[in-house]
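A.B. asks: Below is a structure I'd like to ask you about.
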Amino acid sequence: MTAPAQASSLLNQLHRENALDVLRGLPDQMVDLFFTDPPYSSGGLHAGTRQQPPGAKYISGDTKTTYVGFGHDNKDQRSWTMWCMAWLGEAYRVAKDGANLVCFIDWRQLPSLTDAVQGAGFVWRSVAVWDKTPGRARPRMGGFSQQAEFMVWATKGAVKADIGVCLPGVFAERLPLPKRHMTEKPMELARAVVRLAPAGGVVCDPFAGSGTFLAAAKEAGHQWIGAELEPEYHEAAFQRLAAITAQ
Ligand SMILES: C[S@@+](CC[C@H](N)C(=O)[O-])C[C@H]1O[C@@H](n2cnc3c(N)ncnc32)[C@H](O)[C@@H]1O
């Protein structure tokens, strides 16, 4: 059992360490909201295409900006699902009873993620949509453009309806360019989702990237814990968080 003083020293820290190691170092029943966006290991239907670097998979050829890449995005379907089970299992242990999990994903990995979320012990509640808006999506001749990504919502046990928050199921948000991170998510959406944590609650993003979700949590006056392995993105998130004064 971690003493309260030790537990408070774990708060408001952005680790440059493997997410799984960071989660393993946290005590049981600490986090109110896991809000995260892991490497999808997506971008293709076969192992060979998935093993390409993120810049080749997630950035269209006519984009002029060069983004810093990131690792750990080359797993095949089975190993990605097993890896998700590992970090989600730790997240489940660290989550308080009634905690929320909101995890970004694309259409290809949605079935694997919802399997892993439930396998780790969470109750899958629904899927919300991030609509990137027309013009910010890859067109697909003869079919649908890939205009959306998804947020899998799950809870540890019963839903805490008493927080009095009711969120929309679709968020239409156009990301300003250039982005801070190759796979950045929108700040307004993040501001809405962190409302799922109670006032002053603990929000954890183990795959922080440029720190969008942690920045929204800090802005809202929540406590936060993050991890990001890539030095450039860790530094970007660190500076972004330092510039925010909690309200
Ligand atoms: C999809 S991006 C997150 C982007 C973020 N939502 C934003 O708005 O900037 C996933 C991030 O996880 C990081 N990452 C990948 N594997 C990791 C691991 N095992 N531990 C910690 N961070 C990891 C990558 O470097 C990458 O920046």
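Naming works like this for the structure tokens: A, B, ... for the chains as they're shown, residue 1 at the start of each chain, ligands 1 onward in shown order.
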For A:Lys218, list every protein, DNA or RNA residue within 10 Å, evaluated using only C-alpha atoms, and leave out those in the same chain fewer than 4 positions away; present the list as number ranges by chain.
C.D. replies: A: 12, 191, 194, 200, 202-203, 213-214, 222-224, 241-242, 244-247
A.B. asks: Can you pull out every residue within 12 Å of A:Arg93, counting only C-alpha atoms, but drop anything in the same chain fewer than 4 positions away, and send it as a ChimeraX atom specification?
C.D. replies: /A:23-32,34,86-89,97,99,120-122,156
A.B. asks: Could you check which of A:Pro176, A:Gly69, A:Gly209, A:Gly201 is closest to ligand 1, using only C-alpha atoms and all ligand atoms?
C.D. replies: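 Among the listed residues, the smallest separation from ligand 1 belongs to A:Gly209.
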A.B. asks: Go through A:Ala227, A:Leu189, A:Leu113, A:Cys166 one by one, measure the shortest atom-to-atom distance of each to ligand 1 using only C-alpha atoms and all ligand atoms, and give the residue with the smallest value.
C.D. replies: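 Ranking A:Ala227, A:Leu189, A:Leu113, A:Cys166 by distance to ligand 1, first place goes to A:Ala227.
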A.B. asks: So which one's closest to A:Glu228, A:Gly211, A:Pro168, A:Gly142, A:Pro134? Using only C-alpha atoms, please.
C.D. replies: A:Gly211
A.B. asks: Within 8 Å of ligand 1 (counting only C-alpha atoms and all ligand atoms), which residues show up? I'd like them as a PyMOL selection string.
C.D. replies: chain A and resi 16-20+36-40+69-73+180-187+206-213+227-230+233-234+237
A.B. asks: Have a look at A:Leu167, A:Ala215, A:Met82, A:Leu177 and name the one nearest to A:Leu196; count only C-alpha atoms.
C.D. replies: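 That would be A:Leu167, the residue with the smallest distance to A:Leu196.
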